[in-house]
$ cat protein.pdb   # PDB, C-alpha atoms and all ligand atoms
ATOM      1  CA  MET A   1      16.253  -0.367  -5.162  1.00  0.00           C
ATOM      2  CA  ALA A   2      13.624   2.292  -4.599  1.00  0.00           C
ATOM      3  CA  VAL A   3      13.307   3.942  -1.190  1.00  0.00           C
ATOM      4  CA  LYS A   4      11.713   1.652   1.409  1.00  0.00           C
ATOM      5  CA  LYS A   5       8.111   2.518   2.120  1.00  0.00           C
ATOM      6  CA  GLN A   6       5.492   1.386   4.572  1.00  0.00           C
ATOM      7  CA  PHE A   7       2.464  -0.366   3.151  1.00  0.00           C
ATOM      8  CA  ALA A   8      -0.621  -1.961   4.633  1.00  0.00           C
ATOM      9  CA  VAL A   9      -2.653  -4.393   2.552  1.00  0.00           C
ATOM     10  CA  ILE A  10      -6.211  -5.109   3.662  1.00  0.00           C
ATOM     11  CA  GLY A  11      -7.695  -8.280   2.183  1.00  0.00           C
ATOM     12  CA  LEU A  12      -5.380 -11.138   1.281  1.00  0.00           C
ATOM     13  CA  GLY A  13      -7.251 -12.686  -1.644  1.00  0.00           C
ATOM     14  CA  ARG A  14      -5.581 -13.221  -5.008  1.00  0.00           C
ATOM     15  CA  PHE A  15      -5.189  -9.507  -5.718  1.00  0.00           C
ATOM     16  CA  GLY A  16      -4.175  -8.217  -2.274  1.00  0.00           C
ATOM     17  CA  GLY A  17      -2.107 -11.328  -1.672  1.00  0.00           C
ATOM     18  CA  SER A  18      -0.013 -10.780  -4.812  1.00  0.00           C
ATOM     19  CA  ILE A  19       0.560  -7.120  -3.947  1.00  0.00           C
ATOM     20  CA  CYS A  20       1.618  -8.033  -0.435  1.00  0.00           C
ATOM     21  CA  LYS A  21       4.076 -10.732  -1.506  1.00  0.00           C
ATOM     22  CA  GLU A  22       5.589  -8.635  -4.257  1.00  0.00           C
ATOM     23  CA  LEU A  23       6.129  -5.543  -2.068  1.00  0.00           C
ATOM     24  CA  TYR A  24       7.612  -7.674   0.694  1.00  0.00           C
ATOM     25  CA  LYS A  25       9.934  -9.383  -1.796  1.00  0.00           C
ATOM     26  CA  MET A  26      11.100  -5.914  -2.892  1.00  0.00           C
ATOM     27  CA  GLY A  27      12.162  -5.253   0.694  1.00  0.00           C
ATOM     28  CA  HIS A  28       9.371  -2.936   1.793  1.00  0.00           C
ATOM     29  CA  GLN A  29       7.656  -3.019   5.157  1.00  0.00           C
ATOM     30  CA  VAL A  30       4.255  -4.590   4.678  1.00  0.00           C
ATOM     31  CA  LEU A  31       1.471  -5.035   7.193  1.00  0.00           C
ATOM     32  CA  ALA A  32      -0.927  -7.732   5.953  1.00  0.00           C
ATOM     33  CA  ILE A  33      -4.475  -7.620   7.300  1.00  0.00           C
ATOM     34  CA  ASP A  34      -7.375 -10.027   6.865  1.00  0.00           C
ATOM     35  CA  ASN A  35     -10.327 -11.000   9.016  1.00  0.00           C
ATOM     36  CA  ARG A  36      -9.847 -14.705   8.324  1.00  0.00           C
ATOM     37  CA  ASP A  37      -7.190 -16.406  10.408  1.00  0.00           C
ATOM     38  CA  HIS A  38      -6.155 -18.954   7.772  1.00  0.00           C
ATOM     39  CA  LYS A  39      -5.323 -16.118   5.366  1.00  0.00           C
ATOM     40  CA  VAL A  40      -3.268 -14.365   8.020  1.00  0.00           C
ATOM     41  CA  ASN A  41      -1.396 -17.589   8.822  1.00  0.00           C
ATOM     42  CA  GLU A  42      -0.718 -18.131   5.143  1.00  0.00           C
ATOM     43  CA  PHE A  43       0.892 -14.681   4.893  1.00  0.00           C
ATOM     44  CA  ALA A  44       2.952 -14.828   8.084  1.00  0.00           C
ATOM     45  CA  THR A  45       6.128 -15.430   6.081  1.00  0.00           C
ATOM     46  CA  PHE A  46       5.227 -13.099   3.191  1.00  0.00           C
ATOM     47  CA  ALA A  47       4.786  -9.879   5.180  1.00  0.00           C
ATOM     48  CA  THR A  48       6.575  -7.931   7.902  1.00  0.00           C
ATOM     49  CA  HIS A  49       3.549  -8.455  10.154  1.00  0.00           C
ATOM     50  CA  ALA A  50       0.334 -10.329   9.428  1.00  0.00           C
ATOM     51  CA  VAL A  51      -2.643  -9.651  11.669  1.00  0.00           C
ATOM     52  CA  ILE A  52      -6.257 -10.679  12.003  1.00  0.00           C
ATOM     53  CA  ALA A  53      -8.511  -7.625  12.040  1.00  0.00           C
ATOM     54  CA  ASN A  54     -11.829  -6.478  10.709  1.00  0.00           C
ATOM     55  CA  SER A  55     -11.164  -3.388   8.609  1.00  0.00           C
ATOM     56  CA  THR A  56     -14.602  -1.933   9.317  1.00  0.00           C
ATOM     57  CA  ASP A  57     -13.707  -1.781  13.020  1.00  0.00           C
ATOM     58  CA  GLU A  58     -12.356   1.719  13.491  1.00  0.00           C
ATOM     59  CA  LYS A  59     -10.769   0.941  16.850  1.00  0.00           C
ATOM     60  CA  ALA A  60      -8.942  -2.045  15.421  1.00  0.00           C
ATOM     61  CA  LEU A  61      -7.548   0.064  12.577  1.00  0.00           C
ATOM     62  CA  LYS A  62      -6.423   2.753  14.990  1.00  0.00           C
ATOM     63  CA  SER A  63      -4.722   0.279  17.289  1.00  0.00           C
ATOM     64  CA  LEU A  64      -2.738  -0.999  14.286  1.00  0.00           C
ATOM     65  CA  GLY A  65      -1.496   2.548  13.751  1.00  0.00           C
ATOM     66  CA  ILE A  66      -2.846   2.456  10.220  1.00  0.00           C
ATOM     67  CA  ARG A  67      -2.667   6.228   9.834  1.00  0.00           C
ATOM     68  CA  ASN A  68       1.120   6.078   9.945  1.00  0.00           C
ATOM     69  CA  PHE A  69       1.274   4.029   6.782  1.00  0.00           C
ATOM     70  CA  GLU A  70       2.153   5.864   3.624  1.00  0.00           C
ATOM     71  CA  TYR A  71       0.013   3.598   1.459  1.00  0.00           C
ATOM     72  CA  VAL A  72      -2.962   1.457   2.351  1.00  0.00           C
ATOM     73  CA  ILE A  73      -4.298  -0.922  -0.284  1.00  0.00           C
ATOM     74  CA  VAL A  74      -7.918  -2.013   0.116  1.00  0.00           C
ATOM     75  CA  ALA A  75      -8.162  -5.332  -1.713  1.00  0.00           C
ATOM     76  CA  ILE A  76     -11.519  -6.562  -0.532  1.00  0.00           C
ATOM     77  CA  GLY A  77     -13.074  -8.372  -3.454  1.00  0.00           C
ATOM     78  CA  ASP A  78     -16.754  -9.099  -3.552  1.00  0.00           C
ATOM     79  CA  ASP A  79     -18.008  -7.265  -0.499  1.00  0.00           C
ATOM     80  CA  ILE A  80     -18.513  -3.772  -1.906  1.00  0.00           C
ATOM     81  CA  GLN A  81     -20.073  -2.400   1.259  1.00  0.00           C
ATOM     82  CA  THR A  82     -17.090  -3.461   3.354  1.00  0.00           C
ATOM     83  CA  SER A  83     -14.677  -2.035   0.809  1.00  0.00           C
ATOM     84  CA  ILE A  84     -16.484   1.326   0.856  1.00  0.00           C
ATOM     85  CA  LEU A  85     -16.732   1.521   4.644  1.00  0.00           C
ATOM     86  CA  THR A  86     -13.050   0.602   5.016  1.00  0.00           C
ATOM     87  CA  THR A  87     -12.015   3.275   2.511  1.00  0.00           C
ATOM     88  CA  LEU A  88     -14.174   5.856   4.271  1.00  0.00           C
ATOM     89  CA  LEU A  89     -12.578   5.096   7.649  1.00  0.00           C
ATOM     90  CA  LEU A  90      -9.082   5.283   6.201  1.00  0.00           C
ATOM     91  CA  LYS A  91      -9.724   8.649   4.561  1.00  0.00           C
ATOM     92  CA  GLU A  92     -11.333   9.942   7.777  1.00  0.00           C
ATOM     93  CA  MET A  93      -8.130   8.980   9.559  1.00  0.00           C
ATOM     94  CA  ASN A  94      -6.212  10.984   6.969  1.00  0.00           C
ATOM     95  CA  VAL A  95      -4.273   8.117   5.452  1.00  0.00           C
ATOM     96  CA  LYS A  96      -2.426   9.803   2.619  1.00  0.00           C
ATOM     97  CA  ASN A  97      -2.655   7.232  -0.128  1.00  0.00           C
ATOM     98  CA  VAL A  98      -5.576   4.856  -0.180  1.00  0.00           C
ATOM     99  CA  TRP A  99      -5.619   2.577  -3.233  1.00  0.00           C
ATOM    100  CA  VAL A 100      -8.742   0.522  -3.698  1.00  0.00           C
ATOM    101  CA  LYS A 101      -9.754  -2.347  -5.923  1.00  0.00           C
ATOM    102  CA  ALA A 102     -13.131  -1.608  -7.513  1.00  0.00           C
ATOM    103  CA  GLN A 103     -15.649  -4.204  -8.525  1.00  0.00           C
ATOM    104  CA  ASN A 104     -17.737  -2.217 -11.017  1.00  0.00           C
ATOM    105  CA  ALA A 105     -18.630   1.296 -12.211  1.00  0.00           C
ATOM    106  CA  TYR A 106     -20.974   2.033  -9.280  1.00  0.00           C
ATOM    107  CA  HIS A 107     -18.356   0.979  -6.779  1.00  0.00           C
ATOM    108  CA  HIS A 108     -15.846   3.180  -8.613  1.00  0.00           C
ATOM    109  CA  LYS A 109     -18.133   6.191  -8.425  1.00  0.00           C
ATOM    110  CA  VAL A 110     -18.649   5.897  -4.689  1.00  0.00           C
ATOM    111  CA  LEU A 111     -14.935   5.346  -4.055  1.00  0.00           C
ATOM    112  CA  GLU A 112     -14.181   8.481  -6.032  1.00  0.00           C
ATOM    113  CA  LYS A 113     -16.685  10.483  -3.972  1.00  0.00           C
ATOM    114  CA  ILE A 114     -15.251   9.391  -0.644  1.00  0.00           C
ATOM    115  CA  GLY A 115     -11.724  10.274  -1.654  1.00  0.00           C
ATOM    116  CA  ALA A 116      -9.991   7.055  -2.716  1.00  0.00           C
ATOM    117  CA  ASP A 117      -6.656   8.163  -4.150  1.00  0.00           C
ATOM    118  CA  ARG A 118      -6.426   5.492  -6.769  1.00  0.00           C
ATOM    119  CA  ILE A 119      -9.077   3.097  -7.985  1.00  0.00           C
ATOM    120  CA  ILE A 120      -7.971  -0.100  -9.656  1.00  0.00           C
ATOM    121  CA  HIS A 121      -9.880  -2.440 -11.945  1.00  0.00           C
ATOM    122  CA  PRO A 122      -7.452  -5.345 -12.207  1.00  0.00           C
ATOM    123  CA  GLU A 123      -9.381  -7.539 -14.611  1.00  0.00           C
ATOM    124  CA  HIS A 124     -10.199  -4.649 -16.917  1.00  0.00           C
ATOM    125  CA  ASP A 125      -6.632  -3.292 -16.913  1.00  0.00           C
ATOM    126  CA  MET A 126      -5.096  -6.715 -17.409  1.00  0.00           C
ATOM    127  CA  GLY A 127      -7.566  -7.432 -20.206  1.00  0.00           C
ATOM    128  CA  ILE A 128      -6.397  -4.349 -22.084  1.00  0.00           C
ATOM    129  CA  ARG A 129      -2.759  -5.344 -21.662  1.00  0.00           C
ATOM    130  CA  ILE A 130      -3.337  -8.867 -22.859  1.00  0.00           C
ATOM    131  CA  ALA A 131      -5.301  -7.609 -25.860  1.00  0.00           C
ATOM    132  CA  GLN A 132      -2.346  -5.371 -26.735  1.00  0.00           C
ATOM    133  CA  HIS A 133      -0.009  -8.378 -26.606  1.00  0.00           C
ATOM    134  CA  LEU A 134      -2.378 -10.448 -28.717  1.00  0.00           C
ATOM    135  CA  ASN A 135      -2.866  -7.635 -31.204  1.00  0.00           C
ATOM    136  CA  SER A 136       0.813  -7.338 -31.960  1.00  0.00           C
ATOM    137  CA  GLU A 137       3.618  -9.740 -31.280  1.00  0.00           C
ATOM    138  CA  LYS A 138       6.014  -6.816 -31.241  1.00  0.00           C
ATOM    139  CA  ILE A 139       4.314  -5.280 -28.208  1.00  0.00           C
ATOM    140  CA  VAL A 140       5.635  -6.846 -25.030  1.00  0.00           C
ATOM    141  CA  ASP A 141       4.126  -4.491 -22.509  1.00  0.00           C
ATOM    142  CA  TYR A 142       1.859  -1.522 -22.511  1.00  0.00           C
ATOM    143  CA  ILE A 143       1.121   1.280 -20.050  1.00  0.00           C
ATOM    144  CA  GLU A 144      -1.704   3.691 -20.698  1.00  0.00           C
ATOM    145  CA  LEU A 145      -0.780   7.215 -19.546  1.00  0.00           C
ATOM    146  CA  SER A 146      -3.979   8.899 -20.733  1.00  0.00           C
ATOM    147  CA  GLU A 147      -6.622   8.502 -23.407  1.00  0.00           C
ATOM    148  CA  GLU A 148      -4.053   9.561 -25.979  1.00  0.00           C
ATOM    149  CA  TYR A 149      -0.602   8.718 -24.702  1.00  0.00           C
ATOM    150  CA  SER A 150       1.070   5.516 -23.698  1.00  0.00           C
ATOM    151  CA  ILE A 151       4.378   3.796 -23.145  1.00  0.00           C
ATOM    152  CA  VAL A 152       5.017   0.541 -24.963  1.00  0.00           C
ATOM    153  CA  GLU A 153       7.769  -2.032 -24.899  1.00  0.00           C
ATOM    154  CA  LEU A 154       8.509  -3.118 -28.445  1.00  0.00           C
ATOM    155  CA  LEU A 155      10.695  -5.982 -29.534  1.00  0.00           C
ATOM    156  CA  ALA A 156      13.241  -4.787 -32.084  1.00  0.00           C
ATOM    157  CA  THR A 157      12.770  -6.610 -35.373  1.00  0.00           C
ATOM    158  CA  ARG A 158      15.352  -7.722 -37.951  1.00  0.00           C
ATOM    159  CA  LYS A 159      14.389  -4.657 -40.022  1.00  0.00           C
ATOM    160  CA  ILE A 160      16.070  -2.302 -37.537  1.00  0.00           C
ATOM    161  CA  HIS A 161      18.982  -4.597 -36.585  1.00  0.00           C
ATOM    162  CA  ASN A 162      22.317  -2.737 -36.479  1.00  0.00           C
ATOM    163  CA  LYS A 163      20.679   0.653 -36.955  1.00  0.00           C
ATOM    164  CA  SER A 164      21.449   3.576 -34.686  1.00  0.00           C
ATOM    165  CA  LEU A 165      18.867   5.854 -33.117  1.00  0.00           C
ATOM    166  CA  VAL A 166      20.001   8.531 -35.581  1.00  0.00           C
ATOM    167  CA  ASP A 167      19.310   6.144 -38.483  1.00  0.00           C
ATOM    168  CA  LEU A 168      15.864   5.422 -37.144  1.00  0.00           C
ATOM    169  CA  ASN A 169      15.117   9.050 -36.411  1.00  0.00           C
ATOM    170  CA  VAL A 170      11.994   7.993 -34.553  1.00  0.00           C
ATOM    171  CA  ARG A 171      11.243  11.365 -33.025  1.00  0.00           C
ATOM    172  CA  ALA A 172      11.248  13.299 -36.304  1.00  0.00           C
ATOM    173  CA  LYS A 173       9.595  10.580 -38.371  1.00  0.00           C
ATOM    174  CA  TYR A 174       7.026   9.298 -35.931  1.00  0.00           C
ATOM    175  CA  GLY A 175       6.866  11.785 -33.063  1.00  0.00           C
ATOM    176  CA  CYS A 176       7.761   9.107 -30.475  1.00  0.00           C
ATOM    177  CA  THR A 177      10.690   8.974 -28.082  1.00  0.00           C
ATOM    178  CA  ILE A 178      12.784   5.932 -27.194  1.00  0.00           C
ATOM    179  CA  LEU A 179      13.198   6.165 -23.429  1.00  0.00           C
ATOM    180  CA  ALA A 180      15.302   3.093 -22.885  1.00  0.00           C
ATOM    181  CA  ILE A 181      16.780   0.032 -24.551  1.00  0.00           C
ATOM    182  CA  LYS A 182      16.816  -3.272 -22.702  1.00  0.00           C
ATOM    183  CA  ARG A 183      19.241  -5.983 -23.764  1.00  0.00           C
ATOM    184  CA  ALA A 184      19.235  -9.153 -21.651  1.00  0.00           C
ATOM    185  CA  GLU A 185      19.721  -7.949 -18.076  1.00  0.00           C
ATOM    186  CA  ARG A 186      21.128  -4.575 -19.058  1.00  0.00           C
ATOM    187  CA  ILE A 187      18.962  -1.502 -19.357  1.00  0.00           C
ATOM    188  CA  ASN A 188      20.218   1.632 -21.059  1.00  0.00           C
ATOM    189  CA  VAL A 189      18.160   4.616 -19.929  1.00  0.00           C
ATOM    190  CA  SER A 190      18.238   7.729 -22.144  1.00  0.00           C
ATOM    191  CA  PRO A 191      20.267   6.058 -24.899  1.00  0.00           C
ATOM    192  CA  LEU A 192      22.628   8.275 -26.903  1.00  0.00           C
ATOM    193  CA  PRO A 193      21.890   8.984 -30.589  1.00  0.00           C
ATOM    194  CA  ASP A 194      24.690   6.698 -31.787  1.00  0.00           C
ATOM    195  CA  GLU A 195      23.402   3.725 -29.800  1.00  0.00           C
ATOM    196  CA  ILE A 196      23.069   0.670 -32.061  1.00  0.00           C
ATOM    197  CA  ILE A 197      19.943  -1.460 -31.839  1.00  0.00           C
ATOM    198  CA  HIS A 198      20.089  -5.246 -32.114  1.00  0.00           C
ATOM    199  CA  GLU A 199      17.286  -7.539 -33.145  1.00  0.00           C
ATOM    200  CA  GLY A 200      15.543  -8.755 -29.978  1.00  0.00           C
ATOM    201  CA  ASP A 201      16.318  -5.610 -27.949  1.00  0.00           C
ATOM    202  CA  MET A 202      13.410  -4.265 -25.989  1.00  0.00           C
ATOM    203  CA  LEU A 203      12.625  -0.644 -26.855  1.00  0.00           C
ATOM    204  CA  VAL A 204      10.699   1.373 -24.293  1.00  0.00           C
ATOM    205  CA  VAL A 205       8.895   4.015 -26.330  1.00  0.00           C
ATOM    206  CA  ILE A 206       6.609   6.882 -25.288  1.00  0.00           C
ATOM    207  CA  GLY A 207       4.249   8.749 -27.571  1.00  0.00           C
ATOM    208  CA  HIS A 208       0.787   9.395 -28.880  1.00  0.00           C
ATOM    209  CA  LYS A 209      -1.028   6.121 -29.527  1.00  0.00           C
ATOM    210  CA  ASN A 210      -1.412   6.873 -33.242  1.00  0.00           C
ATOM    211  CA  ASP A 211       2.289   7.672 -33.566  1.00  0.00           C
ATOM    212  CA  LEU A 212       3.308   4.552 -31.672  1.00  0.00           C
ATOM    213  CA  LYS A 213       1.109   2.491 -33.958  1.00  0.00           C
ATOM    214  CA  ARG A 214       2.707   4.069 -37.030  1.00  0.00           C
ATOM    215  CA  PHE A 215       6.203   3.396 -35.730  1.00  0.00           C
ATOM    216  CA  GLU A 216       5.289  -0.178 -34.901  1.00  0.00           C
ATOM    217  CA  ASP A 217       3.669  -0.834 -38.290  1.00  0.00           C
ATOM    218  CA  GLU A 218       5.970   1.093 -40.613  1.00  0.00           C
ATOM    219  CA  GLY A 219       9.157   1.894 -38.749  1.00  0.00           C
ATOM    220  CA  MET A 220      10.156  -1.549 -37.540  1.00  0.00           C
TER     221      MET A 220
HETATM  222  P1  LIG A 301      -9.749 -11.598  -4.760  1.00  0.00           P
HETATM  223  O1  LIG A 301     -10.766 -11.510  -5.860  1.00  0.00           O
HETATM  224  O2  LIG A 301      -8.638 -10.593  -4.913  1.00  0.00           O
HETATM  225  O3  LIG A 301      -9.214 -12.993  -4.522  1.00  0.00           O
HETATM  226  P2  LIG A 301     -11.363 -11.912  -2.380  1.00  0.00           P
HETATM  227  O4  LIG A 301     -12.715 -11.308  -2.293  1.00  0.00           O
HETATM  228  O5  LIG A 301     -11.273 -13.380  -2.557  1.00  0.00           O
HETATM  229  O6  LIG A 301     -10.545 -11.131  -3.465  1.00  0.00           O
HETATM  230  O7  LIG A 301     -10.505 -11.559  -1.107  1.00  0.00           O
HETATM  231  C1  LIG A 301     -10.790 -10.542  -0.266  1.00  0.00           C
HETATM  232  C2  LIG A 301     -10.122 -10.797   1.069  1.00  0.00           C
HETATM  233  O8  LIG A 301     -10.552  -9.746   1.946  1.00  0.00           O
HETATM  234  C3  LIG A 301     -10.500 -12.125   1.714  1.00  0.00           C
HETATM  235  O9  LIG A 301      -9.350 -12.826   2.106  1.00  0.00           O
HETATM  236  C4  LIG A 301     -11.347 -11.687   2.918  1.00  0.00           C
HETATM  237  O10 LIG A 301     -11.152 -12.529   4.040  1.00  0.00           O
HETATM  238  C5  LIG A 301     -10.822 -10.282   3.196  1.00  0.00           C
HETATM  239  N1  LIG A 301     -11.806  -9.455   3.878  1.00  0.00           N
HETATM  240  C6  LIG A 301     -13.124  -9.346   3.587  1.00  0.00           C
HETATM  241  N2  LIG A 301     -13.735  -8.503   4.451  1.00  0.00           N
HETATM  242  C7  LIG A 301     -12.772  -8.065   5.316  1.00  0.00           C
HETATM  243  C8  LIG A 301     -12.770  -7.182   6.445  1.00  0.00           C
HETATM  244  N3  LIG A 301     -13.877  -6.566   6.858  1.00  0.00           N
HETATM  245  N4  LIG A 301     -11.599  -6.981   7.093  1.00  0.00           N
HETATM  246  C9  LIG A 301     -10.471  -7.591   6.676  1.00  0.00           C
HETATM  247  N5  LIG A 301     -10.403  -8.420   5.626  1.00  0.00           N
HETATM  248  C10 LIG A 301     -11.543  -8.667   4.950  1.00  0.00           C
END
$ encode --input "protein.pdb" --output "structure tokens"
Amino acid sequence: MAVKKQFAVIGLGRFGGSICKELYKMGHQVLAIDNRDHKVNEFATFATHAVIANSTDEKALKSLGIRNFEYVIVAIGDDIQTSILTTLLLKEMNVKNVWVKAQNAYHHKVLEKIGADRIIHPEHDMGIRIAQHLNSEKIVDYIELSEEYSIVELLATRKIHNKSLVDLNVRAKYGCTILAIKRAERINVSPLPDEIIHEGDMLVVIGHKNDLKRFEDEGM
């Protein structure tokens, strides 16, 4: 497991709530914060501590020792003003990593200006991922690294069954690199050239989007 970190999640709606539960399940220390008591009660067993606090109250944030947290996630949905004020306070307190859910492009712009370290558009990002799945049945998952580069998880087809990485020669032919091969529960990171691929294996491949597309369409 990765090194244990300290997280605080502000706003326990669908987005913040999922982040909180998942991090806690992974064994991290998570402080869950919401200004509604029923939300805090709901998360009592899904966080290290769950507290009622208003995140625009600077004193309240200080008394929670929020500046000692490595990551603070601001997951306040509809109330843009509250989200912005909360982010501003956290950055003023020198919290190192403030990740904020943005509602729209204007919200994004302001968050950028006040120093949010990462701005997330969950619906937009998820929409892109789902479109990638729908576009190709071979693509299982998709991570955009930049405008040009991404990492995809491709399902090995019958066409490449029993072929080795040397046979496929993906790097020379398509300019992509196979980072890992997943088979059932096993994951083989940095596979050797003589590694044999089976139909149904999951290939984790990095490359330029055009090259990945070519490999997906022609190479497998
Ligand atoms: P989602 O779309 O992710 O479900 P919501 O807008 O429903 O987002 O959830 C946001 C959460 O943030 C709510 O549970 C709300 O009570 C909480 N919240 C809103 N304002 C504050 C605040 N000032 N301090 C703490 N929590 C807040």
$ axis_aligned_box --input "protein.pdb" --around "ligand LIG 301 (chain A)" --padding-each-side "5 Å" --output "lines of an AutoDock Vina configuration file"
center_x = -11.3
center_y = -10.0
center_z = 0.6
size_x = 15.2
size_y = 16.8
size_z = 23.0
$ resolve_selection --input "protein.pdb" --expression "the PyMOL selection byres (((not hetatm)) within 12 of (chain A and resi 301))" --output "ChimeraX atom specification"
/A:8-20,32-43,50-58,60-61,73-87,89,100-103,120-123
$ write_last_selection --input "protein.pdb" --atoms "C-alpha atoms" --output "PDB file, in the frame of the given file"
ATOM      1  CA  ALA A   8      -0.621  -1.961   4.633  1.00  0.00           C
ATOM      2  CA  VAL A   9      -2.653  -4.393   2.552  1.00  0.00           C
ATOM      3  CA  ILE A  10      -6.211  -5.109   3.662  1.00  0.00           C
ATOM      4  CA  GLY A  11      -7.695  -8.280   2.183  1.00  0.00           C
ATOM      5  CA  LEU A  12      -5.380 -11.138   1.281  1.00  0.00           C
ATOM      6  CA  GLY A  13      -7.251 -12.686  -1.644  1.00  0.00           C
ATOM      7  CA  ARG A  14      -5.581 -13.221  -5.008  1.00  0.00           C
ATOM      8  CA  PHE A  15      -5.189  -9.507  -5.718  1.00  0.00           C
ATOM      9  CA  GLY A  16      -4.175  -8.217  -2.274  1.00  0.00           C
ATOM     10  CA  GLY A  17      -2.107 -11.328  -1.672  1.00  0.00           C
ATOM     11  CA  SER A  18      -0.013 -10.780  -4.812  1.00  0.00           C
ATOM     12  CA  ILE A  19       0.560  -7.120  -3.947  1.00  0.00           C
ATOM     13  CA  CYS A  20       1.618  -8.033  -0.435  1.00  0.00           C
ATOM     14  CA  ALA A  32      -0.927  -7.732   5.953  1.00  0.00           C
ATOM     15  CA  ILE A  33      -4.475  -7.620   7.300  1.00  0.00           C
ATOM     16  CA  ASP A  34      -7.375 -10.027   6.865  1.00  0.00           C
ATOM     17  CA  ASN A  35     -10.327 -11.000   9.016  1.00  0.00           C
ATOM     18  CA  ARG A  36      -9.847 -14.705   8.324  1.00  0.00           C
ATOM     19  CA  ASP A  37      -7.190 -16.406  10.408  1.00  0.00           C
ATOM     20  CA  HIS A  38      -6.155 -18.954   7.772  1.00  0.00           C
ATOM     21  CA  LYS A  39      -5.323 -16.118   5.366  1.00  0.00           C
ATOM     22  CA  VAL A  40      -3.268 -14.365   8.020  1.00  0.00           C
ATOM     23  CA  ASN A  41      -1.396 -17.589   8.822  1.00  0.00           C
ATOM     24  CA  GLU A  42      -0.718 -18.131   5.143  1.00  0.00           C
ATOM     25  CA  PHE A  43       0.892 -14.681   4.893  1.00  0.00           C
ATOM     26  CA  ALA A  50       0.334 -10.329   9.428  1.00  0.00           C
ATOM     27  CA  VAL A  51      -2.643  -9.651  11.669  1.00  0.00           C
ATOM     28  CA  ILE A  52      -6.257 -10.679  12.003  1.00  0.00           C
ATOM     29  CA  ALA A  53      -8.511  -7.625  12.040  1.00  0.00           C
ATOM     30  CA  ASN A  54     -11.829  -6.478  10.709  1.00  0.00           C
ATOM     31  CA  SER A  55     -11.164  -3.388   8.609  1.00  0.00           C
ATOM     32  CA  THR A  56     -14.602  -1.933   9.317  1.00  0.00           C
ATOM     33  CA  ASP A  57     -13.707  -1.781  13.020  1.00  0.00           C
ATOM     34  CA  GLU A  58     -12.356   1.719  13.491  1.00  0.00           C
ATOM     35  CA  ALA A  60      -8.942  -2.045  15.421  1.00  0.00           C
ATOM     36  CA  LEU A  61      -7.548   0.064  12.577  1.00  0.00           C
ATOM     37  CA  ILE A  73      -4.298  -0.922  -0.284  1.00  0.00           C
ATOM     38  CA  VAL A  74      -7.918  -2.013   0.116  1.00  0.00           C
ATOM     39  CA  ALA A  75      -8.162  -5.332  -1.713  1.00  0.00           C
ATOM     40  CA  ILE A  76     -11.519  -6.562  -0.532  1.00  0.00           C
ATOM     41  CA  GLY A  77     -13.074  -8.372  -3.454  1.00  0.00           C
ATOM     42  CA  ASP A  78     -16.754  -9.099  -3.552  1.00  0.00           C
ATOM     43  CA  ASP A  79     -18.008  -7.265  -0.499  1.00  0.00           C
ATOM     44  CA  ILE A  80     -18.513  -3.772  -1.906  1.00  0.00           C
ATOM     45  CA  GLN A  81     -20.073  -2.400   1.259  1.00  0.00           C
ATOM     46  CA  THR A  82     -17.090  -3.461   3.354  1.00  0.00           C
ATOM     47  CA  SER A  83     -14.677  -2.035   0.809  1.00  0.00           C
ATOM     48  CA  ILE A  84     -16.484   1.326   0.856  1.00  0.00           C
ATOM     49  CA  LEU A  85     -16.732   1.521   4.644  1.00  0.00           C
ATOM     50  CA  THR A  86     -13.050   0.602   5.016  1.00  0.00           C
ATOM     51  CA  THR A  87     -12.015   3.275   2.511  1.00  0.00           C
ATOM     52  CA  LEU A  89     -12.578   5.096   7.649  1.00  0.00           C
ATOM     53  CA  VAL A 100      -8.742   0.522  -3.698  1.00  0.00           C
ATOM     54  CA  LYS A 101      -9.754  -2.347  -5.923  1.00  0.00           C
ATOM     55  CA  ALA A 102     -13.131  -1.608  -7.513  1.00  0.00           C
ATOM     56  CA  GLN A 103     -15.649  -4.204  -8.525  1.00  0.00           C
ATOM     57  CA  ILE A 120      -7.971  -0.100  -9.656  1.00  0.00           C
ATOM     58  CA  HIS A 121      -9.880  -2.440 -11.945  1.00  0.00           C
ATOM     59  CA  PRO A 122      -7.452  -5.345 -12.207  1.00  0.00           C
ATOM     60  CA  GLU A 123      -9.381  -7.539 -14.611  1.00  0.00           C
TER      61      GLU A 123
END
$ residues_around --input "protein.pdb" --residues "His208 (chain A)" --least-positions-apart "6" --cutoff "8 Å" --atoms "only C-alpha atoms" --output "PyMOL selection string"
chain A and resi 148-150+175-176
$ resolve_selection --input "protein.pdb" --expression "the PyMOL selection byres (((chain A and resi 163-174) around 6) and not hetatm)" --output "list in words"
Ile160, His161, Asn162, Gly175, Cys176, Thr177, Pro193, Asp194, Glu195, Ile196, Ile197, Asp211 and Phe215 of chain A
$ closest_residue --input "protein.pdb" --among "A:Gln6, A:Thr45, A:Asn94, A:Gln132" --to "Ile151 (chain A)" --atoms "all atoms listed in the file"
A:Gln132
$ closest_residue --input "protein.pdb" --among "A:Lys4, A:His198, A:Lys159, A:Lys96" --to "Gly115 (chain A)" --atoms "only C-alpha atoms"
A:Lys96
$ residues_near_point --input "protein.pdb" --point "(2.3, -7.5, 5.9)" --cutoff "6 Å" --atoms "only C-alpha atoms" --output "number ranges by chain"
A: 30-32, 47-50
$ write_last_selection --input "protein.pdb" --atoms "C-alpha atoms" --output "PDB file, in the frame of the given file"
ATOM      1  CA  VAL A  30       4.255  -4.590   4.678  1.00  0.00           C
ATOM      2  CA  LEU A  31       1.471  -5.035   7.193  1.00  0.00           C
ATOM      3  CA  ALA A  32      -0.927  -7.732   5.953  1.00  0.00           C
ATOM      4  CA  ALA A  47       4.786  -9.879   5.180  1.00  0.00           C
ATOM      5  CA  THR A  48       6.575  -7.931   7.902  1.00  0.00           C
ATOM      6  CA  HIS A  49       3.549  -8.455  10.154  1.00  0.00           C
ATOM      7  CA  ALA A  50       0.334 -10.329   9.428  1.00  0.00           C
TER       8      ALA A  50
END
